[in-house]
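Engineer: For reference, the file input.cif (mmCIF, C-alpha atoms) is included below:
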data_query
#
loop_
_atom_site.label_atom_id
_atom_site.label_comp_id
_atom_site.auth_asym_id
_atom_site.auth_seq_id
_atom_site.Cartn_x
_atom_site.Cartn_y
_atom_site.Cartn_z
CA MET N 1 143.56 165.58 61.69
CA THR N 2 144.44 168.63 59.53
CA ASP N 3 141.86 171.27 58.63
CA PHE N 4 141.62 169.92 55.10
CA GLU N 5 141.20 166.35 56.36
CA ARG N 6 138.22 167.60 58.37
CA ILE N 7 136.75 169.12 55.20
CA GLN N 8 137.43 165.87 53.34
CA SER N 9 135.75 163.90 56.12
CA LEU N 10 132.69 166.16 55.97
CA TRP N 11 132.64 165.86 52.17
CA ASN N 12 132.59 162.06 52.48
CA GLN N 13 129.67 162.23 54.92
CA GLN N 14 127.34 163.65 52.26
CA PRO N 15 124.41 161.27 51.78
CA ASP N 16 124.27 159.31 48.54
CA ALA N 17 121.91 161.12 46.22
CA SER N 18 119.17 159.11 44.60
CA GLN N 19 119.06 159.25 40.82
CA SER N 20 116.03 161.33 39.97
CA GLU N 21 116.05 159.97 36.39
CA THR N 22 116.87 156.53 35.04
CA ALA N 23 119.70 155.99 32.57
CA MET N 24 117.09 155.19 29.90
CA THR N 25 115.37 158.55 30.50
CA ILE N 26 118.69 160.37 30.19
CA MET N 27 119.48 158.60 26.90
CA THR N 28 115.99 159.41 25.56
CA ARG N 29 116.29 163.06 26.63
CA ALA N 30 119.76 163.29 25.05
CA GLU N 31 118.44 161.91 21.75
CA THR N 32 115.36 164.17 21.83
CA ASP N 33 117.65 167.12 22.53
CA SER N 34 119.89 166.23 19.55
CA LYS N 35 116.86 165.86 17.27
CA ARG N 36 115.44 169.17 18.51
CA LEU N 37 118.74 170.94 17.78
CA LEU N 38 118.86 169.43 14.30
CA ALA N 39 115.23 170.47 13.68
CA THR N 40 116.04 174.02 14.89
CA HIS N 41 119.05 174.09 12.55
CA ARG N 42 116.97 172.97 9.56
CA GLY N 43 114.09 175.29 10.53
CA THR N 44 116.40 178.32 10.70
CA MET N 45 117.97 177.49 7.35
CA VAL N 46 114.56 177.02 5.70
CA THR N 47 113.21 180.28 7.23
CA LEU N 48 116.28 182.28 6.19
CA SER N 49 116.32 180.85 2.67
CA ALA N 50 112.56 181.38 2.24
CA THR N 51 112.81 184.99 3.50
CA VAL N 52 115.67 185.75 1.14
CA LEU N 53 113.82 184.16 -1.81
CA ILE N 54 110.56 186.00 -1.07
CA LEU N 55 112.38 189.32 -0.68
CA ALA N 56 114.43 188.75 -3.81
CA GLY N 57 111.20 187.96 -5.69
CA TYR N 58 109.45 191.01 -4.26
CA PHE N 59 112.23 193.42 -5.16
CA TRP N 60 112.74 191.79 -8.55
CA THR N 61 109.04 192.29 -9.36
CA TYR N 62 108.30 195.67 -7.76
CA GLY N 63 111.71 197.15 -6.93
CA THR N 64 112.38 198.79 -10.28
CA THR N 65 109.01 200.50 -10.50
CA SER N 66 108.77 201.62 -6.85
CA ASN N 67 110.16 204.74 -5.30
CA ARG N 68 113.93 204.43 -4.91
CA THR N 69 113.99 205.80 -1.32
CA VAL N 70 111.30 203.32 -0.25
CA LEU N 71 113.30 200.53 -1.84
CA VAL N 72 116.54 201.56 -0.10
CA GLY N 73 114.78 202.09 3.26
CA SER N 74 113.05 198.70 3.12
CA LEU N 75 116.24 196.98 2.00
CA LEU N 76 118.25 198.55 4.83
CA MET N 77 115.74 197.35 7.44
CA VAL N 78 115.38 193.86 6.02
CA VAL N 79 119.08 193.30 5.36
CA SER N 80 120.01 194.48 8.87
CA LEU N 81 117.55 191.99 10.37
CA LEU N 82 118.79 189.18 8.15
CA LEU N 83 122.40 190.07 9.01
CA ARG N 84 121.57 189.89 12.72
CA ILE N 85 119.75 186.55 12.42
CA GLY N 86 122.57 185.14 10.29
CA VAL N 87 125.29 186.26 12.70
CA GLU N 88 123.41 184.89 15.70
CA TYR N 89 122.89 181.60 13.92
CA VAL N 90 126.55 181.24 12.90
CA SER N 91 127.52 182.15 16.44
CA TYR N 92 125.18 179.49 17.84
CA ARG N 93 126.62 176.85 15.49
CA ARG N 94 130.15 177.84 16.50
CA PHE N 95 129.26 177.50 20.16
CA ALA N 96 127.76 174.06 19.56
CA ARG N 97 131.11 172.95 18.12
CA ILE N 98 132.96 173.60 21.41
CA LYS N 99 134.30 170.25 22.53
CA LEU N 100 133.41 169.39 26.09
CA ASN N 101 135.32 166.13 26.28
CA THR N 102 138.67 167.89 26.23
CA ASP N 103 140.68 169.05 29.24
CA LEU N 104 139.66 172.15 31.18
CA ARG N 105 142.51 174.28 29.79
CA THR N 106 141.60 173.54 26.17
CA CYS N 107 137.92 174.10 26.90
CA LEU N 108 138.70 177.47 28.51
CA GLU N 109 140.70 178.43 25.38
CA GLN N 110 137.79 177.42 23.12
CA ILE N 111 135.18 179.34 25.14
CA SER N 112 137.43 182.42 25.39
CA ALA N 113 138.04 182.37 21.61
CA PHE N 114 134.30 182.08 21.04
CA HIS N 115 133.56 185.06 23.29
CA ARG N 116 136.33 187.17 21.74
CA VAL N 117 134.61 186.72 18.37
CA ARG N 118 131.26 187.50 20.04
CA GLN N 119 132.73 190.69 21.42
CA GLN N 120 133.97 191.74 17.97
CA ILE N 121 130.50 191.02 16.59
CA GLN N 122 128.92 193.14 19.31
CA PHE N 123 131.27 196.04 18.60
CA VAL N 124 131.21 195.92 14.78
CA VAL N 125 128.22 194.01 13.37
CA THR N 126 125.69 195.07 16.00
CA PRO N 127 126.15 198.86 15.57
CA LEU N 128 126.17 198.36 11.77
CA SER N 129 122.94 196.38 11.68
CA PHE N 130 121.27 198.57 14.32
CA GLY N 131 122.36 201.73 12.46
CA SER N 132 121.09 200.47 9.10
CA TYR N 133 117.77 199.47 10.67
CA VAL N 134 117.29 202.94 12.18
CA TRP N 135 118.42 204.64 8.95
CA GLY N 136 115.99 202.54 6.91
CA PHE N 137 113.19 203.37 9.35
CA ILE N 138 113.94 207.11 9.13
CA LEU N 139 114.04 206.98 5.31
CA LEU N 140 110.60 205.36 5.24
CA LEU N 141 108.94 207.77 7.70
CA PRO N 142 107.83 210.47 5.17
CA TYR N 143 106.23 207.81 2.97
CA ILE N 144 104.53 206.17 5.95
CA LYS N 145 103.22 209.61 7.01
CA ALA N 146 101.77 210.18 3.56
CA GLY N 147 100.09 206.79 3.50
CA VAL N 148 98.46 206.53 6.95
CA SER N 149 96.28 208.66 9.26
CA GLU N 150 98.01 211.08 11.67
CA GLY N 151 97.01 209.01 14.71
CA PHE N 152 98.42 205.84 13.23
CA TYR N 153 101.57 207.69 12.17
CA LEU N 154 102.06 208.91 15.76
CA TYR N 155 101.54 205.33 16.96
CA ILE N 156 104.22 204.09 14.53
CA ILE N 157 106.63 206.81 15.69
CA PHE N 158 105.97 206.07 19.37
CA SER N 159 106.04 202.25 19.14
CA GLY N 160 109.01 202.28 16.75
CA THR N 161 111.06 204.51 19.05
CA LEU N 162 110.11 202.41 22.07
CA PHE N 163 111.06 199.23 20.21
CA LEU N 164 114.45 200.68 19.22
CA LEU N 165 115.08 201.83 22.79
CA LEU N 166 114.21 198.39 24.15
CA ILE N 167 116.46 196.68 21.58
CA GLY N 168 119.21 199.15 22.56
CA VAL N 169 118.85 198.18 26.23
CA VAL N 170 118.89 194.45 25.38
CA ILE N 171 122.03 194.88 23.23
CA TYR N 172 123.70 196.94 25.97
CA ARG N 173 122.96 194.22 28.56
CA GLN N 174 124.26 191.54 26.18
CA ILE N 175 127.51 193.45 25.59
CA ARG N 176 127.94 194.03 29.33
CA GLY N 177 127.37 190.33 30.11
CA GLU N 178 129.70 189.31 27.31
CA MET N 179 132.49 191.60 28.57
CA ARG N 180 132.05 190.46 32.16
CA LEU N 181 132.22 186.83 31.09
CA LEU N 182 135.29 187.37 28.91
CA ALA N 183 137.05 189.04 31.84
CA GLN N 184 136.12 186.08 34.08
CA LEU N 185 137.37 183.59 31.50
CA LYS N 186 140.66 185.49 31.07
CA ALA N 187 141.12 185.56 34.84
CA SER N 188 140.31 181.84 35.15
CA TYR N 189 142.78 180.96 32.39
CA ALA N 190 145.54 183.08 33.93
CA THR N 191 144.90 181.58 37.38
CA LEU N 192 144.97 178.07 35.97
CA LEU N 193 148.41 178.55 34.41
CA GLU N 194 150.06 180.75 37.02
CA ASN N 195 152.80 179.09 39.02
CA MET Y 1 133.89 151.46 19.67
CA PRO Y 2 131.18 153.82 21.00
CA LEU Y 3 129.45 153.18 24.30
CA GLN Y 4 126.46 150.86 24.17
CA LYS Y 5 123.23 151.30 26.16
CA GLU Y 6 124.18 148.67 28.74
CA GLU Y 7 127.60 150.25 29.29
CA PHE Y 8 126.01 153.69 29.65
CA THR Y 9 123.53 152.38 32.23
CA GLN Y 10 126.44 150.90 34.18
CA ILE Y 11 128.47 154.14 33.93
CA TYR Y 12 125.46 156.21 34.98
CA SER Y 13 124.78 154.19 38.10
CA THR Y 14 128.49 154.11 39.03
CA HIS Y 15 129.31 157.77 38.47
CA PHE Y 16 126.10 159.70 39.04
CA THR Y 17 126.55 160.34 42.76
CA LYS Y 18 130.14 161.57 42.36
CA VAL Y 19 129.27 163.81 39.42
CA LEU Y 20 126.28 165.21 41.33
CA ARG Y 21 128.50 165.97 44.33
CA LEU Y 22 130.99 167.77 42.09
CA CYS Y 23 128.18 169.82 40.53
CA LYS Y 24 126.66 170.55 43.95
CA GLY Y 25 130.04 171.71 45.26
CA TYR Y 26 130.43 173.93 42.21
CA VAL Y 27 127.02 175.65 42.55
CA ASN Y 28 127.17 176.40 46.28
CA GLY Y 29 125.14 173.37 47.33
CA ASP Y 30 122.06 174.20 45.24
CA GLN Y 31 120.48 170.76 44.83
CA ALA Y 32 118.13 171.69 41.97
CA ILE Y 33 120.82 173.35 39.80
CA ALA Y 34 123.28 170.56 40.63
CA THR Y 35 120.80 167.85 39.60
CA ASP Y 36 120.12 169.64 36.29
CA LEU Y 37 123.86 170.02 35.69
CA ALA Y 38 124.58 166.37 36.52
CA GLN Y 39 121.83 165.21 34.17
CA GLU Y 40 123.21 167.53 31.47
CA VAL Y 41 126.64 165.92 31.95
CA PHE Y 42 125.24 162.43 31.30
CA MET Y 43 123.17 163.66 28.36
CA LYS Y 44 126.42 164.99 26.86
CA VAL Y 45 128.18 161.71 27.66
CA TRP Y 46 125.51 159.89 25.62
CA GLN Y 47 125.48 162.49 22.81
CA HIS Y 48 129.30 162.32 22.46
CA ARG Y 49 129.57 158.54 22.95
CA ALA Y 50 130.97 158.06 19.43
CA GLU Y 51 134.03 160.15 20.39
CA PHE Y 52 134.90 157.93 23.34
CA ARG Y 53 138.06 155.90 22.74
CA ALA Y 54 138.07 152.42 24.22
CA ASP Y 55 141.67 152.79 25.44
CA ALA Y 56 140.80 155.89 27.50
CA SER Y 57 139.54 155.88 31.07
CA VAL Y 58 135.77 156.24 31.30
CA SER Y 59 136.11 158.06 34.61
CA THR Y 60 138.54 160.66 33.20
CA TRP Y 61 136.33 161.17 30.17
CA ILE Y 62 133.19 161.71 32.26
CA TYR Y 63 134.99 164.07 34.64
CA LYS Y 64 136.28 166.12 31.68
CA ILE Y 65 132.71 166.57 30.47
CA ALA Y 66 131.48 167.28 34.02
CA VAL Y 67 134.16 169.90 34.70
CA ASN Y 68 133.60 171.65 31.35
CA THR Y 69 129.82 171.57 31.76
CA CYS Y 70 130.24 173.22 35.16
CA LEU Y 71 132.57 175.79 33.57
CA LEU Y 72 129.88 176.66 31.02
CA GLN Y 73 127.62 177.48 33.97
CA LEU Y 74 129.71 180.70 34.15
CA ARG Y 75 127.99 181.90 30.97
CA LYS Y 76 124.54 181.45 32.47
CA ALA Y 77 125.61 183.16 35.71
CA ALA Y 78 127.16 186.09 33.81
CA VAL Y 79 124.06 186.65 31.70
CA ASN Y 80 121.34 185.67 34.12
CA LYS Y 81 121.27 185.67 37.88
CA GLU Y 82 124.09 184.71 40.19
CA ILE Y 83 123.77 181.64 42.36
CA ARG Y 84 122.68 182.40 45.91
CA THR Y 85 125.53 182.96 48.33
CA ASP Y 86 123.45 183.83 51.35
CA ILE Y 87 122.51 180.33 52.44
CA LEU Y 88 125.26 180.05 55.06
CA PRO Y 89 123.59 179.90 58.48
CA ASP Y 90 124.97 181.87 61.42
CA ARG Y 91 125.16 179.07 63.93
CA ALA Y 92 124.35 175.39 64.36
CA ASP Y 93 120.93 174.23 65.46
CA GLU Y 94 120.30 171.86 68.38
CA SER Y 95 119.33 169.00 66.11
CA ASP Y 96 122.23 166.83 64.86
CA THR Y 97 120.78 166.48 61.38
CA LEU Y 98 120.29 170.18 61.02
CA ALA Y 99 123.74 170.85 62.45
CA THR Y 100 125.30 168.48 59.88
CA GLU Y 101 123.27 170.07 57.10
CA GLU Y 102 124.48 173.49 58.22
CA ARG Y 103 128.05 172.25 58.21
CA PHE Y 104 127.55 171.04 54.64
CA GLN Y 105 126.21 174.48 53.70
CA GLN Y 106 129.20 176.07 55.42
CA MET Y 107 131.49 173.80 53.39
CA TYR Y 108 129.73 174.60 50.09
CA ALA Y 109 129.84 178.33 50.84
CA GLY Y 110 133.58 178.10 51.53
CA ILE Y 111 134.23 176.20 48.31
CA TYR Y 112 132.09 178.70 46.39
CA GLN Y 113 134.38 181.53 47.45
CA LEU Y 114 137.23 180.01 45.44
CA ASP Y 115 137.60 181.08 41.81
CA SER Y 116 136.02 178.70 39.31
CA THR Y 117 139.14 176.76 38.28
CA ALA Y 118 140.39 176.37 41.86
CA ARG Y 119 136.89 175.23 42.84
CA LEU Y 120 136.87 172.57 40.12
CA ILE Y 121 140.35 171.33 41.06
CA ILE Y 122 139.55 170.98 44.76
CA LEU Y 123 136.23 169.29 43.97
CA LEU Y 124 138.13 166.67 41.98
CA VAL Y 125 140.47 166.21 44.97
CA LEU Y 126 137.50 165.88 47.33
CA ASP Y 127 135.91 163.34 44.98
CA GLY Y 128 139.03 161.22 45.56
CA LEU Y 129 140.66 161.33 42.12
CA ALA Y 130 144.39 160.64 41.77
CA TYR Y 131 146.59 163.67 41.01
CA GLU Y 132 147.64 162.13 37.69
CA GLU Y 133 143.98 161.86 36.61
CA ILE Y 134 143.20 165.41 37.81
CA ALA Y 135 146.19 166.75 35.83
CA SER Y 136 144.83 165.04 32.72
CA ILE Y 137 141.31 166.44 33.30
CA VAL Y 138 142.58 169.96 33.96
CA GLY Y 139 145.28 169.96 31.27
CA ILE Y 140 148.26 171.13 33.34
CA SER Y 141 151.40 169.32 34.52
CA GLU Y 142 151.22 167.23 37.66
CA SER Y 143 153.95 169.29 39.34
CA LEU Y 144 152.03 172.55 38.77
CA LEU Y 145 148.85 170.84 39.93
CA ARG Y 146 150.49 169.78 43.21
CA VAL Y 147 151.54 173.37 43.94
CA LYS Y 148 148.04 174.58 43.20
CA ILE Y 149 146.33 171.94 45.32
CA HIS Y 150 148.60 172.78 48.24
CA ARG Y 151 147.63 176.46 48.02
CA ILE Y 152 143.93 175.76 47.50
CA LYS Y 153 143.83 173.44 50.52
CA LYS Y 154 145.39 176.14 52.70
CA ARG Y 155 142.98 178.78 51.39
CA LEU Y 156 140.00 176.49 51.85
CA ALA Y 157 140.99 175.62 55.41
CA LYS Y 158 140.95 179.36 56.18
CA LEU Y 159 137.58 179.80 54.49
CA ILE Y 160 135.92 176.84 56.20
CA GLN Y 161 136.28 176.85 59.97
CA LEU Y 162 134.56 173.62 61.06
#
Output the file's structure as structure tokens, nothing else.
Structural biologist:
Amino acid sequence: MTDFERIQSLWNQQPDASQSETAMTIMTRAETDSKRLLATHRGTMVTLSATVLILAGYFWTYGTTSNRTVLVGSLLMVVSLLLRIGVEYVSYRRFARIKLNTDLRTCLEQISAFHRVRQQIQFVVTPLSFGSYVWGFILLLPYIKAGVSEGFYLYIIFSGTLFLLLIGVVIYRQIRGEMRLLAQLKASYATLLEN
Amino acid sequence: MPLQKEEFTQIYSTHFTKVLRLCKGYVNGDQAIATDLAQEVFMKVWQHRAEFRADASVSTWIYKIAVNTCLLQLRKAAVNKEIRTDILPDRADESDTLATEERFQQMYAGIYQLDSTARLIILLVLDGLAYEEIASIVGISESLLRVKIHRIKKRLAKLIQL
């Protein structure tokens, strides 16, 4: 018996696993999952559209009479958030389109392509939206200071900075994970095709 | 013609154990993660049932979904925590059952040391699939697959000293 035959023999000795769920439960869960995804899709679209409409209405009504710097600062913050939500949503939809019933090589190509786009987003869109958010926040600070007590202003400065730092750490971890994964996928693809 | 409920029930009872073994082999013998993965595979089988062509092999189709679902586990591992690799015991216990269980863990740990595509290929071999079917699931030529399997078997034999 060769070494591999011994491994094969051990593999075959594994006890038959009992099915923890019935086929009916799996079908029900699959359908619930599909409905949940569809509901999330519709929910996101409704939320985004409503936010855009409310903002458009707000700026249409008050934008022309308000202070220009306040308008620009608010717009920068809101647009950067909307941009981020939109990009994440498009990215999620793109990921959902990856076909799993293809061969491994094709699936690897699809996942790698998806993560290459993700990487470009992280390097271009993320700094842009983060930068505009911070810029908008800085533009608004003098007006916030004029409108609130000193204690509350200090709280806004402190919590705002902490929030931006935390977001920065989260984005950094995301980029690091994304790059590590892309490297793994590249290596897997190369290994799969190497002779 | 998409799969019907009765056909799915039949497919589930026929293929569940093999798919679960493949998933378990892929995730270093972690029963809980493997069960979740195997259930995810069959949920995807049901969700994508309309794309199944009647002239194709059900087994090949399910294994394609299983292999790609396992591959996607890489994303979770890269972002979240890695799967435990420290469950390999030092030596066998007196009890036969425990000794066998430890040998299984030794086998899973050895398989886990292979890179993800090699791991998936050898798991398909261990599950008893024909080379032609594996080549179709993996998407490479049968001749290249044979070379790869030969190398993986040698590497695995070095990694797992039973």
Engineer: Got a sec: who's within 12 Å of segment 109-114 of chain Y, counting all atoms listed in the file, leaving out chain neighbours fewer than 4 positions off, as a ChimeraX atom specification?
Structural biologist: /N:4,7-8,11,188,191 /Y:22-30,82-89,102-105,118-123,126,151-162
Engineer: Please evaluate the PyMOL selection byres ((chain Y and resi 3-10) around 6) against the displayed coordinates and give the resulting residues as a PyMOL selection string.
Structural biologist: (chain N and resi 23) or (chain Y and resi 2+11-13+49)
Engineer: Starting from the displayed file, determine the output of the PyMOL selection byres ((chain N) within 8 of (chain Y)) and express the residue list as an mmCIF file with C-alpha atoms, keeping the file's coordinate frame.
Structural biologist:
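Final output, saved to expr27.cif:
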data_model
loop_
_atom_site.group_PDB
_atom_site.id
_atom_site.type_symbol
_atom_site.label_atom_id
_atom_site.label_comp_id
_atom_site.auth_asym_id
_atom_site.auth_seq_id
_atom_site.Cartn_x
_atom_site.Cartn_y
_atom_site.Cartn_z
ATOM 1 C CA ASP N 3 141.860 171.270 58.630
ATOM 2 C CA PHE N 4 141.620 169.920 55.100
ATOM 3 C CA ARG N 6 138.220 167.600 58.370
ATOM 4 C CA ILE N 7 136.750 169.120 55.200
ATOM 5 C CA GLN N 8 137.430 165.870 53.340
ATOM 6 C CA LEU N 10 132.690 166.160 55.970
ATOM 7 C CA TRP N 11 132.640 165.860 52.170
ATOM 8 C CA GLN N 14 127.340 163.650 52.260
ATOM 9 C CA ASP N 16 124.270 159.310 48.540
ATOM 10 C CA ALA N 17 121.910 161.120 46.220
ATOM 11 C CA SER N 18 119.170 159.110 44.600
ATOM 12 C CA GLN N 19 119.060 159.250 40.820
ATOM 13 C CA ALA N 23 119.700 155.990 32.570
ATOM 14 C CA MET N 24 117.090 155.190 29.900
ATOM 15 C CA ILE N 26 118.690 160.370 30.190
ATOM 16 C CA MET N 27 119.480 158.600 26.900
ATOM 17 C CA ARG N 29 116.290 163.060 26.630
ATOM 18 C CA ALA N 30 119.760 163.290 25.050
ATOM 19 C CA GLU N 31 118.440 161.910 21.750
ATOM 20 C CA SER N 34 119.890 166.230 19.550
ATOM 21 C CA LEU N 100 133.410 169.390 26.090
ATOM 22 C CA ASN N 101 135.320 166.130 26.280
ATOM 23 C CA THR N 102 138.670 167.890 26.230
ATOM 24 C CA ASP N 103 140.680 169.050 29.240
ATOM 25 C CA LEU N 104 139.660 172.150 31.180
ATOM 26 C CA ARG N 105 142.510 174.280 29.790
ATOM 27 C CA THR N 106 141.600 173.540 26.170
ATOM 28 C CA CYS N 107 137.920 174.100 26.900
ATOM 29 C CA GLN N 174 124.260 191.540 26.180
ATOM 30 C CA GLY N 177 127.370 190.330 30.110
ATOM 31 C CA GLU N 178 129.700 189.310 27.310
ATOM 32 C CA ARG N 180 132.050 190.460 32.160
ATOM 33 C CA LEU N 181 132.220 186.830 31.090
ATOM 34 C CA SER N 188 140.310 181.840 35.150
ATOM 35 C CA THR N 191 144.900 181.580 37.380
ATOM 36 C CA LEU N 192 144.970 178.070 35.970
ATOM 37 C CA LEU N 193 148.410 178.550 34.410
ATOM 38 C CA ASN N 195 152.800 179.090 39.020
#
Engineer: Go ahead and compute the interatomic distance for atom CA of Tyr133 of chain N and atom CA of Leu182 of chain N, in Å to one decimal.
Structural biologist: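 Going from atom CA of Tyr133 of chain N over to atom CA of Leu182 of chain N covers 28.0 Å.
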Engineer: Using all atoms listed in the file, collect all residues at a distance of at most 12 Å from (127.2, 182.4, 10.3) as written in the file, then present them as a PyMOL selection string.
Structural biologist: chain N and resi 41+44-45+48+82-95+117-118+121
Engineer: Expand the PyMOL selection byres ((chain N and resi 76) around 10) into the individual residues it matches in the shown file, reporting them as a PDB file with C-alpha atoms, keeping the file's coordinate frame.
Structural biologist:
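New file result02.pdb:
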ATOM      1  CA  VAL N  70     111.300 203.320  -0.250  1.00  0.00           C
ATOM      2  CA  LEU N  71     113.300 200.530  -1.840  1.00  0.00           C
ATOM      3  CA  VAL N  72     116.540 201.560  -0.100  1.00  0.00           C
ATOM      4  CA  GLY N  73     114.780 202.090   3.260  1.00  0.00           C
ATOM      5  CA  SER N  74     113.050 198.700   3.120  1.00  0.00           C
ATOM      6  CA  LEU N  75     116.240 196.980   2.000  1.00  0.00           C
ATOM      7  CA  MET N  77     115.740 197.350   7.440  1.00  0.00           C
ATOM      8  CA  VAL N  78     115.380 193.860   6.020  1.00  0.00           C
ATOM      9  CA  VAL N  79     119.080 193.300   5.360  1.00  0.00           C
ATOM     10  CA  SER N  80     120.010 194.480   8.870  1.00  0.00           C
ATOM     11  CA  LEU N  81     117.550 191.990  10.370  1.00  0.00           C
ATOM     12  CA  LEU N  82     118.790 189.180   8.150  1.00  0.00           C
ATOM     13  CA  SER N 129     122.940 196.380  11.680  1.00  0.00           C
ATOM     14  CA  PHE N 130     121.270 198.570  14.320  1.00  0.00           C
ATOM     15  CA  GLY N 131     122.360 201.730  12.460  1.00  0.00           C
ATOM     16  CA  SER N 132     121.090 200.470   9.100  1.00  0.00           C
ATOM     17  CA  TYR N 133     117.770 199.470  10.670  1.00  0.00           C
ATOM     18  CA  VAL N 134     117.290 202.940  12.180  1.00  0.00           C
ATOM     19  CA  TRP N 135     118.420 204.640   8.950  1.00  0.00           C
ATOM     20  CA  GLY N 136     115.990 202.540   6.910  1.00  0.00           C
ATOM     21  CA  PHE N 137     113.190 203.370   9.350  1.00  0.00           C
ATOM     22  CA  LEU N 139     114.040 206.980   5.310  1.00  0.00           C
TER      23      LEU N 139
END
Engineer: Can you rebuild segment 118-130 of chain Y with N, CA, C and O atoms and give it as an mmCIF file, keeping the file's coordinate frame?
Structural biologist:
data_model
loop_
_atom_site.group_PDB
_atom_site.id
_atom_site.type_symbol
_atom_site.label_atom_id
_atom_site.label_comp_id
_atom_site.auth_asym_id
_atom_site.auth_seq_id
_atom_site.Cartn_x
_atom_site.Cartn_y
_atom_site.Cartn_z
ATOM 1 N N ALA Y 118 139.935 176.923 40.572
ATOM 2 C CA ALA Y 118 140.390 176.370 41.860
ATOM 3 C C ALA Y 118 139.285 175.500 42.464
ATOM 4 O O ALA Y 118 139.541 174.435 43.034
ATOM 5 N N ARG Y 119 138.050 175.970 42.314
ATOM 6 C CA ARG Y 119 136.890 175.230 42.840
ATOM 7 C C ARG Y 119 136.804 173.856 42.161
ATOM 8 O O ARG Y 119 136.619 172.836 42.819
ATOM 9 N N LEU Y 120 136.980 173.843 40.847
ATOM 10 C CA LEU Y 120 136.870 172.570 40.120
ATOM 11 C C LEU Y 120 138.001 171.626 40.527
ATOM 12 O O LEU Y 120 137.779 170.429 40.718
ATOM 13 N N ILE Y 121 139.213 172.180 40.682
ATOM 14 C CA ILE Y 121 140.350 171.330 41.060
ATOM 15 C C ILE Y 121 140.126 170.705 42.425
ATOM 16 O O ILE Y 121 140.272 169.496 42.609
ATOM 17 N N ILE Y 122 139.711 171.519 43.400
ATOM 18 C CA ILE Y 122 139.550 170.980 44.760
ATOM 19 C C ILE Y 122 138.372 170.012 44.817
ATOM 20 O O ILE Y 122 138.389 169.043 45.595
ATOM 21 N N LEU Y 123 137.362 170.226 43.993
ATOM 22 C CA LEU Y 123 136.230 169.290 43.970
ATOM 23 C C LEU Y 123 136.672 167.927 43.446
ATOM 24 O O LEU Y 123 136.199 166.893 43.922
ATOM 25 N N LEU Y 124 137.611 167.936 42.494
ATOM 26 C CA LEU Y 124 138.130 166.670 41.980
ATOM 27 C C LEU Y 124 138.953 165.971 43.068
ATOM 28 O O LEU Y 124 138.902 164.748 43.222
ATOM 29 N N VAL Y 125 139.692 166.781 43.851
ATOM 30 C CA VAL Y 125 140.470 166.210 44.970
ATOM 31 C C VAL Y 125 139.505 165.598 45.986
ATOM 32 O O VAL Y 125 139.692 164.464 46.443
ATOM 33 N N LEU Y 126 138.472 166.354 46.337
ATOM 34 C CA LEU Y 126 137.500 165.880 47.330
ATOM 35 C C LEU Y 126 136.767 164.628 46.845
ATOM 36 O O LEU Y 126 136.395 163.763 47.634
ATOM 37 N N ASP Y 127 136.572 164.533 45.539
ATOM 38 C CA ASP Y 127 135.910 163.340 44.980
ATOM 39 C C ASP Y 127 136.857 162.134 44.962
ATOM 40 O O ASP Y 127 136.459 161.051 44.538
ATOM 41 N N GLY Y 128 138.092 162.332 45.385
ATOM 42 C CA GLY Y 128 139.030 161.220 45.560
ATOM 43 C C GLY Y 128 139.785 160.809 44.315
ATOM 44 O O GLY Y 128 140.297 159.684 44.248
ATOM 45 N N LEU Y 129 139.917 161.687 43.335
ATOM 46 C CA LEU Y 129 140.660 161.330 42.120
ATOM 47 C C LEU Y 129 142.164 161.443 42.350
ATOM 48 O O LEU Y 129 142.612 162.300 43.132
ATOM 49 N N ALA Y 130 142.929 160.599 41.657
ATOM 50 C CA ALA Y 130 144.390 160.640 41.770
ATOM 51 C C ALA Y 130 144.905 161.909 41.083
ATOM 52 O O ALA Y 130 144.270 162.398 40.133
#
